[in-house]
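Containing mmCIF, C-alpha atoms: run32.cif.
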```cif
data_final
#
loop_
_atom_site.label_atom_id
_atom_site.label_comp_id
_atom_site.auth_asym_id
_atom_site.auth_seq_id
_atom_site.Cartn_x
_atom_site.Cartn_y
_atom_site.Cartn_z
CA MET A 1 10.10 10.38 -18.31
CA SER A 2 12.53 9.75 -15.50
CA LEU A 3 11.95 9.43 -11.76
CA ILE A 4 8.61 8.16 -10.43
CA VAL A 5 8.35 7.67 -6.65
CA LEU A 6 5.74 5.55 -4.85
CA CYS A 7 5.18 5.93 -1.10
CA SER A 8 2.55 5.24 1.54
CA ALA A 9 1.16 6.97 4.60
CA ALA A 10 0.71 3.94 6.83
CA GLY A 11 0.67 0.17 6.95
CA SER A 12 1.55 -1.99 3.96
CA PRO A 13 -0.81 -1.08 1.14
CA GLY A 14 1.34 -2.71 -1.54
CA VAL A 15 3.91 -0.10 -2.60
CA THR A 16 6.68 -2.61 -3.35
CA THR A 17 4.39 -5.01 -5.19
CA THR A 18 2.99 -2.15 -7.27
CA CYS A 19 6.46 -0.82 -8.08
CA LEU A 20 7.51 -4.28 -9.20
CA GLY A 21 4.40 -4.88 -11.26
CA LEU A 22 4.78 -1.56 -13.05
CA ALA A 23 8.51 -2.07 -13.68
CA LEU A 24 8.18 -5.58 -15.12
CA GLY A 25 5.85 -4.38 -17.86
CA TRP A 26 7.31 -0.92 -18.43
CA HIS A 27 7.35 0.21 -22.06
CA ARG A 28 11.10 0.80 -22.03
CA PRO A 29 13.97 -0.29 -19.73
CA ALA A 30 13.19 0.56 -16.12
CA LEU A 31 15.26 0.66 -12.97
CA LEU A 32 13.44 -0.25 -9.76
CA VAL A 33 15.11 1.22 -6.67
CA GLU A 34 14.27 -0.05 -3.17
CA ALA A 35 14.76 3.01 -0.95
CA ASP A 36 12.45 1.91 1.87
CA PRO A 37 14.33 2.62 5.13
CA THR A 38 12.58 -0.28 6.88
CA GLY A 39 15.32 -2.62 5.65
CA GLY A 40 15.26 -6.06 4.07
CA SER A 41 14.59 -6.48 0.35
CA ALA A 42 10.98 -7.51 -0.16
CA ILE A 43 11.76 -8.30 -3.80
CA ALA A 44 14.61 -10.66 -2.95
CA ALA A 45 12.62 -12.42 -0.23
CA GLY A 46 9.27 -12.40 -2.01
CA TYR A 47 9.28 -12.28 -5.80
CA LEU A 48 12.69 -13.98 -6.09
CA ARG A 49 11.91 -16.35 -3.17
CA GLY A 50 15.33 -15.90 -1.59
CA ALA A 51 17.08 -17.40 -4.61
CA ILE A 52 19.82 -14.77 -4.49
CA ILE A 53 21.56 -12.83 -1.76
CA PRO A 54 21.34 -9.21 -2.90
CA PRO A 55 24.46 -7.05 -2.72
CA GLU A 56 24.84 -4.18 -0.29
CA ALA A 57 23.83 -1.86 -3.11
CA MET A 58 22.79 1.15 -1.04
CA ILE A 59 25.89 0.97 1.13
CA ASP A 60 28.06 0.82 -2.00
CA LEU A 61 26.26 3.87 -3.38
CA ALA A 62 26.68 5.73 -0.08
CA LEU A 63 30.42 5.02 -0.15
CA ALA A 64 30.60 6.10 -3.79
CA GLU A 65 28.85 9.36 -2.92
CA GLN A 66 31.80 10.37 -0.78
CA SER A 67 34.00 10.41 -3.87
CA GLY A 68 31.35 11.66 -6.29
CA GLY A 69 31.13 8.36 -8.13
CA VAL A 70 27.45 7.44 -7.69
CA LEU A 71 26.67 7.45 -11.43
CA GLU A 72 29.58 5.10 -12.15
CA VAL A 73 28.70 2.65 -9.36
CA LEU A 74 24.94 2.54 -10.02
CA PRO A 75 25.16 0.10 -12.98
CA GLN A 76 27.50 -2.12 -10.97
CA VAL A 77 25.00 -2.61 -8.13
CA SER A 78 21.92 -2.98 -10.36
CA GLN A 79 20.57 -6.51 -10.68
CA PRO A 80 18.51 -7.91 -13.60
CA LEU A 81 14.91 -8.84 -12.94
CA PRO A 82 14.21 -12.22 -14.60
CA ASP A 83 12.17 -12.33 -17.80
CA SER A 84 11.99 -8.57 -18.21
CA PRO A 85 14.05 -5.62 -19.46
CA ALA A 86 13.89 -4.13 -15.98
CA SER A 87 16.67 -4.05 -13.42
CA TRP A 88 16.68 -3.50 -9.70
CA VAL A 89 18.75 -1.84 -6.98
CA PRO A 90 18.22 -3.78 -3.72
CA GLY A 91 17.51 -1.91 -0.51
CA THR A 92 19.31 -2.06 2.80
CA ARG A 93 19.44 -5.34 4.71
CA SER A 94 18.63 -3.69 8.04
CA HIS A 95 16.75 -0.63 9.24
CA GLU A 96 19.87 0.23 11.27
CA GLN A 97 21.66 1.02 8.00
CA ALA A 98 19.17 3.79 7.26
CA ARG A 99 21.22 6.35 9.19
CA THR A 100 24.19 5.75 6.88
CA LEU A 101 22.11 6.69 3.83
CA LEU A 102 20.92 10.14 4.88
CA SER A 103 23.69 11.86 2.93
CA LEU A 104 23.03 9.72 -0.15
CA TRP A 105 19.47 10.72 -1.03
CA GLU A 106 20.10 14.29 -2.18
CA PRO A 107 22.98 13.56 -4.61
CA LEU A 108 21.23 10.41 -5.80
CA THR A 109 18.20 12.42 -6.96
CA PRO A 110 19.81 14.15 -10.00
CA VAL A 111 21.67 10.95 -10.88
CA LEU A 112 18.42 8.99 -11.14
CA ARG A 113 16.66 11.78 -13.01
CA SER A 114 19.52 11.90 -15.52
CA LEU A 115 18.94 8.29 -16.57
CA HIS A 116 16.15 9.35 -18.93
CA ALA A 117 18.90 10.49 -21.30
CA THR A 118 19.99 6.84 -21.58
CA GLY A 119 16.47 5.65 -22.39
CA GLN A 120 15.82 4.41 -18.86
CA ASP A 121 13.10 5.34 -16.38
CA VAL A 122 13.26 4.93 -12.60
CA LEU A 123 10.53 3.60 -10.32
CA LEU A 124 11.46 4.17 -6.69
CA ASP A 125 9.93 2.47 -3.65
CA ALA A 126 10.17 5.06 -0.85
CA GLY A 127 8.20 2.94 1.62
CA ARG A 128 6.26 4.48 4.45
CA LEU A 129 6.51 8.23 4.94
CA GLY A 130 7.86 9.65 8.17
CA LEU A 131 10.31 6.88 9.05
CA TYR A 132 13.85 7.72 10.09
CA GLY A 133 16.01 7.62 7.00
CA SER A 134 13.11 8.28 4.62
CA PRO A 135 14.43 9.38 1.19
CA GLU A 136 12.75 12.79 1.31
CA PRO A 137 14.97 14.50 -1.31
CA LEU A 138 13.92 11.81 -3.80
CA ILE A 139 10.25 12.15 -2.90
CA TYR A 140 10.19 15.92 -3.37
CA GLY A 141 12.69 15.96 -6.23
CA SER A 142 10.89 13.40 -8.37
CA ASP A 143 9.22 13.96 -11.70
CA LEU A 144 6.10 12.36 -10.22
CA THR A 145 5.31 11.16 -6.69
CA LEU A 146 2.34 8.89 -6.03
CA LEU A 147 0.84 8.42 -2.59
CA VAL A 148 -0.39 4.82 -2.52
CA THR A 149 -3.39 4.05 -0.33
CA ARG A 150 -6.23 1.63 0.08
CA THR A 151 -9.74 3.06 0.16
CA ASP A 152 -10.99 2.05 3.60
CA MET A 153 -11.60 4.62 6.32
CA VAL A 154 -8.51 3.73 8.39
CA SER A 155 -6.16 4.02 5.41
CA LEU A 156 -7.66 7.31 4.27
CA ALA A 157 -7.44 8.79 7.77
CA ALA A 158 -3.67 8.26 7.69
CA ALA A 159 -3.34 9.34 4.07
CA ARG A 160 -5.22 12.60 4.69
CA SER A 161 -2.58 13.96 7.04
CA TRP A 162 0.31 13.10 4.72
CA ALA A 163 -1.57 14.35 1.66
CA GLU A 164 -1.73 17.80 3.26
CA THR A 165 2.03 17.77 3.94
CA LEU A 166 2.83 16.61 0.41
CA ARG A 167 0.51 19.19 -1.15
CA GLU A 168 2.19 22.02 0.73
CA ARG A 169 5.73 20.85 -0.08
CA PHE A 170 5.03 20.36 -3.78
CA ALA A 171 3.16 23.68 -4.02
CA ARG A 172 6.14 25.53 -2.55
CA SER A 173 8.42 24.02 -5.18
CA GLY A 174 6.01 24.81 -8.01
CA GLY A 175 5.36 21.14 -8.72
CA SER A 176 1.73 20.61 -7.68
CA SER A 177 1.03 18.61 -10.84
CA ALA A 178 3.87 16.23 -9.91
CA LEU A 179 1.79 14.78 -7.03
CA GLY A 180 -0.97 12.23 -7.33
CA VAL A 181 -2.74 9.41 -5.53
CA LEU A 182 -2.73 5.76 -6.57
CA LEU A 183 -5.52 3.61 -5.17
CA LEU A 184 -5.33 -0.07 -4.30
CA GLY A 185 -8.77 -1.57 -4.49
CA GLU A 186 -10.99 1.29 -5.61
CA GLY A 187 -14.52 0.86 -4.27
CA ARG A 188 -13.46 -0.98 -1.10
CA PRO A 189 -15.50 0.97 -0.11
CA PHE A 190 -14.73 4.44 -1.48
CA ARG A 191 -14.46 5.50 -5.13
CA ALA A 192 -11.78 7.66 -6.75
CA GLY A 193 -13.86 10.84 -6.72
CA GLU A 194 -14.59 10.48 -3.02
CA VAL A 195 -10.91 9.86 -2.21
CA ALA A 196 -9.77 12.85 -4.28
CA LYS A 197 -12.25 15.08 -2.46
CA VAL A 198 -11.01 13.94 0.96
CA LEU A 199 -7.28 14.08 0.17
CA GLN A 200 -7.50 17.11 -2.16
CA VAL A 201 -5.00 15.40 -4.45
CA PRO A 202 -5.93 14.03 -7.90
CA VAL A 203 -6.33 10.26 -8.16
CA LEU A 204 -4.11 9.22 -11.05
CA GLY A 205 -5.20 5.59 -11.24
CA SER A 206 -6.27 2.47 -9.43
CA VAL A 207 -4.72 -0.99 -9.00
CA ALA A 208 -7.22 -3.85 -8.94
CA TRP A 209 -7.86 -5.78 -5.75
CA ASP A 210 -6.59 -9.19 -6.90
CA PRO A 211 -4.82 -10.95 -3.97
CA ALA A 212 -4.10 -14.22 -5.79
CA ALA A 213 -2.38 -12.46 -8.69
CA ALA A 214 -0.58 -10.06 -6.33
CA GLU A 215 1.01 -12.96 -4.48
CA VAL A 216 2.92 -13.89 -7.64
CA LEU A 217 4.79 -10.61 -7.22
CA SER A 218 4.82 -10.26 -3.44
CA ALA A 219 5.55 -13.88 -2.48
CA GLY A 220 6.81 -15.57 -5.65
CA THR A 221 3.86 -17.96 -5.91
CA GLN A 222 3.06 -19.69 -9.19
CA PRO A 223 0.75 -17.69 -11.48
CA PRO A 224 -2.88 -18.76 -11.10
CA LYS A 225 -4.14 -21.10 -13.80
CA ALA A 226 -6.50 -19.84 -16.45
CA ASN A 227 -10.17 -20.23 -15.58
CA LEU A 228 -12.64 -21.80 -17.98
CA ARG A 229 -13.57 -18.52 -19.64
CA ALA A 230 -9.91 -17.68 -20.20
CA ARG A 231 -9.24 -21.10 -21.74
CA LEU A 232 -12.24 -20.83 -24.05
CA THR A 233 -11.19 -17.40 -25.27
CA GLY A 234 -7.54 -18.39 -25.57
CA ARG A 235 -6.39 -15.79 -23.04
CA ALA A 236 -3.96 -16.74 -20.29
CA GLY A 237 -5.32 -16.33 -16.78
CA TRP A 238 -2.26 -14.57 -15.35
CA GLN A 239 -1.65 -12.36 -18.37
CA ASP A 240 -5.31 -11.39 -18.45
CA SER A 241 -5.68 -10.99 -14.68
CA ALA A 242 -7.41 -7.91 -13.30
CA LEU A 243 -4.15 -6.96 -11.61
CA LEU A 244 -2.05 -6.89 -14.78
CA ARG A 245 -4.79 -5.10 -16.69
CA SER A 246 -4.87 -2.41 -14.03
CA TYR A 247 -1.08 -2.05 -14.15
CA ARG A 248 -1.35 -1.36 -17.87
CA GLY A 249 -3.88 1.37 -17.13
CA VAL A 250 -1.71 2.92 -14.44
CA ARG A 251 1.33 2.94 -16.74
CA GLY A 252 -0.70 4.83 -19.32
CA ALA A 253 -1.92 7.31 -16.71
CA ILE A 254 1.65 7.93 -15.51
CA THR A 255 2.84 8.49 -19.07
CA GLY A 256 0.01 10.92 -19.71
CA GLN A 257 0.60 12.87 -16.52
CA LEU A 258 4.33 13.24 -17.16
CA ARG A 259 3.62 14.38 -20.71
CA GLU A 260 1.25 17.01 -19.32
CA ILE A 261 3.91 18.17 -16.84
CA ASP A 262 6.44 18.51 -19.67
CA GLN A 263 3.97 20.58 -21.67
CA GLN A 264 3.34 22.87 -18.70
CA LEU A 265 7.06 23.40 -18.24
CA SER A 266 7.55 24.19 -21.90
CA VAL A 267 4.77 26.80 -21.77
CA THR A 268 5.99 28.45 -18.58
CA GLY A 269 9.64 28.11 -19.47
CA GLY A 270 10.27 26.25 -16.20
CA GLY A 271 13.07 23.76 -15.70
CA ALA A 272 13.57 20.70 -13.57
CA ARG A 273 12.49 21.08 -9.98
#
```

Turn this file's structure into structure tokens for me.
Amino acid sequence: MSLIVLCSAAGSPGVTTTCLGLALGWHRPALLVEADPTGGSAIAAGYLRGAIIPPEAMIDLALAEQSGGVLEVLPQVSQPLPDSPASWVPGTRSHEQARTLLSLWEPLTPVLRSLHATGQDVLLDAGRLGLYGSPEPLIYGSDLTLLVTRTDMVSLAAARSWAETLRERFARSGGSSALGVLLLGEGRPFRAGEVAKVLQVPVLGSVAWDPAAAEVLSAGTQPPKANLRARLTGRAGWQDSALLRSYRGVRGAITGQLREIDQQLSVTGGGAR
């Protein structure tokens, strides 16, 4: 596995929180890259509660790109994520910096995909689609791109338009199986089958609707205490939360989908897109 991109069609459905949750429990070292052109590191401000001032990682990478040294600089700007084998490349501090990164995204794509050779996978937060400075080369050059959406009518109306664009772009590059949908809160009110029918993109998995647990990742709150049932069964409330259980399921689904893509490429004799 290598480069997995998460993005959204509209609003704030939880792309950053989901990226973080997946990275913290990844089965091997993972690199989380904040490439959202909106600016401001949600991880630094939320999960890390402003405890550190993140470096100008993306600006450093953009400068390194001019001399062809992105691969060498990437480890220097990566920051450890506490209590996990994952690391993190902070995003830009301001949306105004997005224009300076336009030339970075294309050369960064093969660099990030090459990290699988070092035993490292990349989870990339591309933010909301369609914004100026959006990392499109990374989205369409990924090993797997997931469109993250909630299941209410408003969210799906926005996702439907972008799903059509993504389908067409991935089909032209021969990578239709490298596109999927990730639901946040399946059944609120629509189910996976209904969403897949509307968007015409397979639903790869679903993240549980668990606001209290999600705030641990999005806002750095203390993990919720175990309820009575959890205490009686000896299972920690946070570790056994619906949110973390759903992340484990999504990780498995991602692994399975990437394995299927690899098998398809080996049969057809295709290479990297």

field: Selected residue of minimal separation from Pro85 of chain A among A:Gln120, A:Thr109, A:Ser206, A:Thr100, counting only C-alpha atoms
entry: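 Under the stated criterion, the closest residue is A:Gln120.
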
message: When you look at segment 8-17 of chain A with a cut-off of 10 Å (counting all atoms listed in the file), what residues show up, excluding the ones that are within fewer than 4 positions of it in the same chain? I need them as a PyMOL selection string.
response: chain A and resi 21-23+32-34+36+41-43+46-47+124-130+146-151+154-163+181-185+207+214-219

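Compared by their closest atoms to Ser177 of chain A, and using all atoms listed in the file, the residues A:Leu258, A:Leu131, A:Ala30, A:Ala242 rank with A:Leu258 nearest.
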
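Among the candidate residues A:Ala213, A:Arg28, A:Asp83, A:Gln257, the one lying nearest to Leu244 of chain A is A:Ala213, with distances computed using all atoms listed in the file.
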
Gap from atom CA of Ala62 of chain A to atom CA of Ser173 of chain A - Å, one decimal: 26.3 Å

- request: Find the residue from A:Met153, A:Ala212, A:Ile254, A:Val70 that sits nearest to Trp238 of chain A; use all atoms listed in the file when measuring.
  value: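 Nearest candidate to Trp238 of chain A out of A:Met153, A:Ala212, A:Ile254, A:Val70: A:Ala212.
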
- prompt: Near Glu96 of chain A, counting only C-alpha atoms, which residues have an atom at most 9 Å away, once you skip same-chain residues fewer than 5 positions from it, shown as a VMD selection string?
  reply: chain A and resid 37 to 39

task: Identify the residues around (10.4, -5.8, -18.8) within a radius of 6 Å, measuring from only C-alpha atoms in the coordinates stated by the file, and give them as a VMD selection string.
output: chain A and resid 24 to 26 84 to 86

task: Could you tell me which residues the PyMOL selection byres ((chain A and resi 137) around 10) returns for this structure, as JSON, numbers by chain?
output: {"A": [102, 104, 105, 106, 107, 108, 109, 110, 134, 135, 136, 138, 139, 140, 141, 142]}

Output the selection as a JSON list (two decimals), keeping the file's coordinate frame - C-alpha atoms for each residue.
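Produced file result-v4.json, reproduced below:
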```json
[["chain", "number", "residue", "atom", "x", "y", "z"],
["A", 102, "LEU", "CA", 20.92, 10.14, 4.88],
["A", 104, "LEU", "CA", 23.03, 9.72, -0.15],
["A", 105, "TRP", "CA", 19.47, 10.72, -1.03],
["A", 106, "GLU", "CA", 20.10, 14.29, -2.18],
["A", 107, "PRO", "CA", 22.98, 13.56, -4.61],
["A", 108, "LEU", "CA", 21.23, 10.41, -5.80],
["A", 109, "THR", "CA", 18.20, 12.42, -6.96],
["A", 110, "PRO", "CA", 19.81, 14.15, -10.00],
["A", 134, "SER", "CA", 13.11, 8.28, 4.62],
["A", 135, "PRO", "CA", 14.43, 9.38, 1.19],
["A", 136, "GLU", "CA", 12.75, 12.79, 1.31],
["A", 138, "LEU", "CA", 13.92, 11.81, -3.80],
["A", 139, "ILE", "CA", 10.25, 12.15, -2.90],
["A", 140, "TYR", "CA", 10.19, 15.92, -3.37],
["A", 141, "GLY", "CA", 12.69, 15.96, -6.23],
["A", 142, "SER", "CA", 10.89, 13.40, -8.37]]
```

message: Let me make sure I understand: among A:Ser103, A:Ser87, A:Ser266, A:Ser94, which one has the smallest atom-to-atom distance to Gly40 of chain A if we use all atoms listed in the file?
response: A:Ser94

- prompt: Quick one, how far is atom CA of Ala192 of chain A from atom CA of Leu179 of chain A?
  reply: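 If I compute the distance from atom CA of Ala192 of chain A to atom CA of Leu179 of chain A, I get 15.3 Å.
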
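Straight-line separation from atom CA of Gln79 of chain A to atom CA of Ile59 of chain A: 15.0 Å.
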